[in-house]
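Next comes target_7.txt, a file with compact mmCIF, C-alpha atoms.
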```
# COMPACT_ATOMS: atom_id res chain seq x y z
CA MET A 1 141.40 -88.80 -38.13
CA LEU A 2 141.23 -91.64 -35.60
CA GLN A 3 138.91 -93.64 -37.84
CA PHE A 4 141.35 -93.16 -40.72
CA ILE A 5 144.18 -94.48 -38.53
CA ARG A 6 142.04 -97.46 -37.50
CA ARG A 7 141.28 -98.33 -41.12
CA ILE A 8 144.92 -97.99 -42.16
CA LEU A 9 146.02 -100.30 -39.34
CA LEU A 10 143.33 -102.81 -40.28
CA VAL A 11 144.21 -102.84 -43.97
CA LEU A 12 148.00 -102.55 -43.73
CA VAL A 13 148.74 -104.36 -40.47
CA ALA A 14 145.93 -106.51 -39.05
CA LYS A 15 144.66 -108.16 -42.25
CA PRO A 16 148.15 -108.91 -43.66
CA PHE A 17 149.06 -110.41 -40.27
CA ALA A 18 145.93 -112.56 -40.30
CA LYS A 19 146.59 -113.74 -43.84
CA LEU A 20 150.37 -114.21 -43.82
CA VAL A 21 151.29 -115.05 -40.21
CA ILE A 22 148.32 -117.11 -39.01
CA GLY A 23 146.85 -118.07 -42.37
CA LEU A 24 143.33 -117.18 -41.26
CA ASP A 25 140.63 -119.27 -42.93
CA VAL A 26 137.04 -118.02 -42.75
CA HIS A 27 134.03 -120.31 -43.07
CA GLY A 28 130.46 -119.01 -43.23
CA SER A 29 131.29 -115.37 -43.94
CA SER A 30 127.82 -114.90 -45.45
CA ASN A 31 126.45 -115.18 -41.90
CA LEU A 32 128.25 -112.02 -40.77
CA PRO A 33 126.05 -108.97 -40.15
CA THR A 34 126.42 -106.12 -42.62
CA GLN A 35 125.03 -103.56 -40.19
CA GLY A 36 124.24 -103.14 -36.52
CA PRO A 37 122.96 -103.62 -34.01
CA ALA A 38 124.39 -107.12 -33.76
CA ILE A 39 126.35 -109.26 -31.31
CA ILE A 40 129.27 -111.47 -32.31
CA ALA A 41 129.71 -114.19 -29.67
CA ALA A 42 132.89 -116.28 -29.80
CA ASN A 43 134.99 -118.63 -27.71
CA HIS A 44 138.12 -117.12 -26.17
CA ASN A 45 141.59 -118.68 -25.99
CA SER A 46 143.92 -115.84 -26.96
CA HIS A 47 144.41 -112.09 -27.17
CA ILE A 48 144.49 -112.43 -30.96
CA ASP A 49 140.84 -113.56 -30.94
CA THR A 50 139.73 -109.93 -31.08
CA LEU A 51 142.05 -109.19 -33.99
CA ILE A 52 140.73 -112.25 -35.85
CA LEU A 53 137.11 -111.18 -35.39
CA ILE A 54 137.78 -107.59 -36.45
CA CYS A 55 139.51 -108.88 -39.59
CA LEU A 56 136.33 -110.70 -40.63
CA PHE A 57 134.70 -107.38 -41.52
CA ARG A 58 135.29 -104.97 -44.36
CA SER A 59 137.11 -101.80 -43.45
CA SER A 60 134.08 -99.58 -44.08
CA LEU A 61 132.35 -101.18 -41.08
CA LEU A 62 135.29 -100.65 -38.73
CA SER A 63 133.80 -97.62 -36.98
CA ARG A 64 130.86 -99.82 -35.94
CA ILE A 65 132.92 -102.74 -34.60
CA ARG A 66 133.17 -102.56 -30.79
CA PRO A 67 135.02 -105.31 -28.92
CA VAL A 68 133.96 -105.74 -25.29
CA ALA A 69 137.04 -105.95 -23.06
CA ALA A 70 138.02 -106.07 -19.40
CA ALA A 71 138.77 -102.59 -18.07
CA ASP A 72 141.25 -103.91 -15.49
CA HIS A 73 143.34 -105.56 -18.19
CA PHE A 74 143.33 -103.01 -21.02
CA LEU A 75 143.12 -99.65 -19.24
CA GLY A 76 146.13 -100.11 -16.96
CA THR A 77 148.06 -97.07 -18.20
CA PRO A 78 147.06 -93.81 -19.92
CA VAL A 79 148.79 -94.93 -23.12
CA SER A 80 147.14 -98.35 -23.26
CA SER A 81 143.80 -96.80 -22.30
CA TRP A 82 144.01 -94.33 -25.19
CA PHE A 83 145.12 -96.98 -27.68
CA TYR A 84 142.48 -99.57 -26.84
CA ARG A 85 139.65 -97.05 -26.51
CA LYS A 86 140.44 -94.87 -29.53
CA ILE A 87 142.24 -97.17 -31.95
CA VAL A 88 140.88 -100.63 -31.16
CA GLY A 89 137.51 -99.18 -30.16
CA ILE A 90 136.87 -101.34 -27.11
CA ILE A 91 133.98 -100.96 -24.72
CA PRO A 92 135.58 -101.48 -21.30
CA VAL A 93 133.65 -103.53 -18.78
CA ASN A 94 134.45 -103.36 -15.07
CA ARG A 95 134.82 -106.96 -13.90
CA THR A 96 135.71 -106.06 -10.31
CA GLY A 97 134.81 -103.30 -7.91
CA ALA A 98 131.54 -102.24 -9.55
CA ALA A 99 129.57 -99.78 -7.47
CA LYS A 100 126.31 -100.92 -5.91
CA GLY A 101 123.57 -100.67 -8.48
CA GLU A 102 126.01 -100.02 -11.33
CA ASP A 103 125.08 -101.60 -14.66
CA VAL A 104 128.45 -102.81 -15.94
CA LEU A 105 126.87 -103.49 -19.34
CA ALA A 106 125.50 -99.96 -19.79
CA GLY A 107 128.17 -99.09 -22.37
CA CYS A 108 127.42 -102.24 -24.34
CA LYS A 109 123.69 -101.54 -24.34
CA ALA A 110 124.30 -97.96 -25.47
CA ALA A 111 126.52 -99.17 -28.31
CA LEU A 112 123.85 -101.59 -29.51
CA ALA A 113 121.23 -98.86 -29.29
CA ALA A 114 123.50 -96.72 -31.49
CA GLY A 115 123.67 -99.47 -34.11
CA ASP A 116 127.11 -100.88 -33.36
CA ILE A 117 128.32 -104.47 -33.76
CA LEU A 118 129.62 -105.86 -30.48
CA ILE A 119 132.32 -108.50 -30.21
CA ILE A 120 131.87 -110.38 -26.97
CA PHE A 121 133.42 -113.47 -25.41
CA PRO A 122 130.80 -115.17 -23.21
CA GLU A 123 133.49 -117.06 -21.27
CA GLY A 124 134.58 -113.70 -19.85
CA SER A 125 138.30 -114.45 -19.94
CA ARG A 126 140.75 -116.56 -21.92
CA GLY A 127 140.66 -120.28 -21.28
CA LYS A 128 143.18 -123.04 -21.86
CA ALA A 129 144.37 -123.52 -25.43
CA GLU A 130 141.69 -125.09 -27.62
CA GLU A 131 139.31 -125.64 -24.70
CA MET A 132 136.01 -123.89 -23.97
CA GLY A 133 134.99 -122.70 -20.55
CA THR A 134 131.60 -121.90 -19.03
CA PHE A 135 129.58 -119.21 -20.79
CA LYS A 136 128.50 -116.38 -18.49
CA SER A 137 125.02 -114.90 -18.71
CA GLY A 138 125.97 -111.28 -19.44
CA ILE A 139 125.35 -111.87 -23.13
CA ALA A 140 121.79 -112.96 -22.34
CA ARG A 141 121.21 -109.66 -20.54
CA LEU A 142 122.41 -107.80 -23.63
CA ALA A 143 120.25 -109.85 -25.97
CA GLU A 144 117.23 -109.28 -23.73
CA ALA A 145 117.90 -105.53 -23.58
CA VAL A 146 118.15 -105.25 -27.39
CA PRO A 147 116.06 -108.19 -28.66
CA ASP A 148 116.17 -107.08 -32.30
CA ALA A 149 119.97 -107.47 -32.37
CA PRO A 150 120.93 -110.80 -34.00
CA VAL A 151 123.47 -112.92 -32.14
CA VAL A 152 126.08 -114.44 -34.46
CA PRO A 153 127.99 -117.41 -32.99
CA VAL A 154 131.63 -117.90 -33.99
CA TYR A 155 134.08 -120.66 -33.18
CA ILE A 156 137.75 -119.64 -33.39
CA GLN A 157 140.11 -122.56 -33.97
CA GLY A 158 143.86 -122.49 -33.47
CA ALA A 159 144.32 -119.13 -31.75
CA GLY A 160 145.25 -120.87 -28.52
CA ARG A 161 148.27 -122.32 -30.28
CA VAL A 162 149.34 -119.00 -31.80
CA LEU A 163 149.29 -117.01 -28.55
CA PRO A 164 148.03 -118.99 -25.55
CA ARG A 165 147.25 -117.37 -22.24
CA GLY A 166 150.46 -116.31 -20.52
CA ALA A 167 152.57 -116.42 -23.69
CA LYS A 168 154.32 -113.31 -25.01
CA ILE A 169 155.61 -114.59 -28.36
CA ILE A 170 153.35 -115.28 -31.35
CA VAL A 171 153.88 -118.63 -33.07
CA PRO A 172 152.78 -118.74 -36.75
CA PHE A 173 150.15 -121.48 -36.68
CA ASN A 174 147.08 -121.63 -38.91
CA CYS A 175 143.77 -120.32 -37.46
CA SER A 176 140.20 -120.46 -38.66
CA ALA A 177 136.93 -118.72 -37.82
CA ILE A 178 133.72 -120.68 -38.33
CA ILE A 179 130.69 -118.41 -38.39
CA GLY A 180 127.25 -119.81 -37.64
CA GLU A 181 123.77 -118.62 -38.48
CA ALA A 182 122.41 -115.73 -36.44
CA PHE A 183 119.63 -116.17 -33.92
CA GLN A 184 117.82 -113.77 -31.60
CA TRP A 185 116.67 -113.45 -28.02
CA SER A 186 114.29 -116.32 -27.28
CA GLY A 187 112.54 -114.70 -24.34
CA ASP A 188 114.09 -117.14 -21.89
CA LYS A 189 117.55 -116.71 -20.36
CA SER A 190 118.22 -120.38 -19.76
CA GLY A 191 117.03 -121.41 -23.21
CA PHE A 192 119.07 -118.65 -24.84
CA MET A 193 122.28 -119.69 -23.07
CA THR A 194 121.68 -123.35 -23.91
CA GLN A 195 121.16 -122.47 -27.57
CA LEU A 196 124.27 -120.32 -27.72
CA LEU A 197 126.54 -122.91 -26.13
CA ALA A 198 125.10 -125.72 -28.25
CA THR A 199 125.57 -123.70 -31.42
CA VAL A 200 129.21 -122.86 -30.71
CA GLU A 201 129.86 -126.48 -29.71
CA ALA A 202 128.34 -127.61 -33.01
CA LEU A 203 130.58 -125.21 -34.95
CA ARG A 204 133.52 -126.66 -33.05
CA SER A 205 132.52 -130.24 -33.87
CA ASP A 206 132.03 -129.44 -37.56
CA ALA A 207 135.18 -127.32 -37.94
CA PRO A 208 137.35 -128.48 -40.85
CA PRO A 209 140.94 -129.51 -40.11
CA LEU A 210 143.50 -126.72 -39.91
CA ARG A 211 145.78 -126.53 -42.92
CA TRP A 212 148.98 -125.89 -40.95
CA LEU A 213 149.42 -128.66 -38.42
```
Can you present the structure in this file as structure tokens?
Amino acid sequence: MLQFIRRILLVLVAKPFAKLVIGLDVHGSSNLPTQGPAIIAANHNSHIDTLILICLFRSSLLSRIRPVAAADHFLGTPVSSWFYRKIVGIIPVNRTGAAKGEDVLAGCKAALAAGDILIIFPEGSRGKAEEMGTFKSGIARLAEAVPDAPVVPVYIQGAGRVLPRGAKIIVPFNCSAIIGEAFQWSGDKSGFMTQLLATVEALRSDAPPLRWL
């Protein structure tokens, strides 16, 4: 029943919103994975980034799409916890107060092992509109743990104008998602992080102009 509700919300709410309100343009959709395990790694400027990335996939894959999200932000109340866990399908990650020896990425690793497609923002939190922050190394730990999972880089353009950090009202600006070619764990953490950042930066540099300026 919950998966049915998720698919209905995707088809009747999320995708129409992406098409009609933010005019989402998608470039490089052929690079998207059609099955898991896989990791979608994108820049992060807005809460609508997750919605944009989910909308890239066909509804039949929805049960396998698992956004990684901050537990302290999305599990604040029983209602929000139920909604984001059961309907959005997040994997909550404890950013603060982790117990000694706790693997905060255990849920992510388990999801990849089960064949899910993770959505992860290597910056860790939303940055300033249309700017990219430092990529954190948690994604390298995931790639190392499940080296057969392809990492698909994505650059999201315009979301920081639609709903920037701290804003509560959505402004209907055009957004685009530029999807790069997948790559896999290189065997070296530093080299992997350098490759990921360079790839997303290249997608940013090559991004076509937004249609709604």
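Here the residues that fall within 12 Å of (143.8, -126.6, -21.3), using all atoms listed in the file, are given as Asn45, Arg126, Gly127, Lys128, Ala129, Glu130, Glu131, Met132, Gly133, Gly160, Arg161, Pro164 and Arg165 of chain A.
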With distances taken over only C-alpha atoms, which residue among A:Lys86, A:Leu118, A:Leu112, A:Gly28 lies nearest Met1 (chain A)?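 Among A:Lys86, A:Leu118, A:Leu112, A:Gly28, it is A:Lys86 that comes nearest to Met1 (chain A).
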Excluding Val162 (chain A) and its own-chain neighbours fewer than 2 positions away, which residues fall within 9 Å of it when counting all atoms listed in the file? Please give them as number ranges by chain. A: 22, 46, 48, 158-160, 164, 169-175
Within 12 Å of file point (124.7, -101.8, -31.7), counting only C-alpha atoms, expressed as a VMD selection string: chain A and resid 33 to 40 63 to 68 91 107 to 119 142 to 143 145 to 151
For Phe4 (chain A), the closest of A:Leu196, A:Ala140, A:Leu62, A:Val104 counting only C-alpha atoms is A:Leu62
Could you name the residues that touch Met193 (chain A) at 10 Å or less, counting all atoms listed in the file, but leaving out those on the same chain fewer than 5 positions away, as a VMD selection string? chain A and resid 122 135 to 140 185 to 186 188 198 to 199
With a distance cut-off of 12 Å and all atoms listed in the file, select the neighbouring residues of Pro208 (chain A), excluding the residue or stretch itself and same-chain residues fewer than 2 positions from it, and output the selection as a PyMOL selection string. chain A and resi 25-28+155-158+175-178+202-206+210-212
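Between Gln3 (chain A) and the residues A:His73, A:Lys19, A:His44, A:Arg85, the shortest atom-to-atom distance, using only C-alpha atoms, involves A:Arg85.
Each of A:Val88, A:Ala69, A:His47, A:Phe74 was compared to Leu10 (chain A) using only C-alpha atoms, and A:Val88 turns out to be the nearest.
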Go ahead and compute the interatomic distance for CA of Val152 (chain A) and CA of Ser190 (chain A), in Å to one decimal.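 So the answer is 17.7 Å.
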Using Å and a single decimal, report how far CA of Tyr84 (chain A) sits from CA of Ala106 (chain A).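 One can read the CA of Ala106 (chain A) to CA of Tyr84 (chain A) distance as 18.4 Å.
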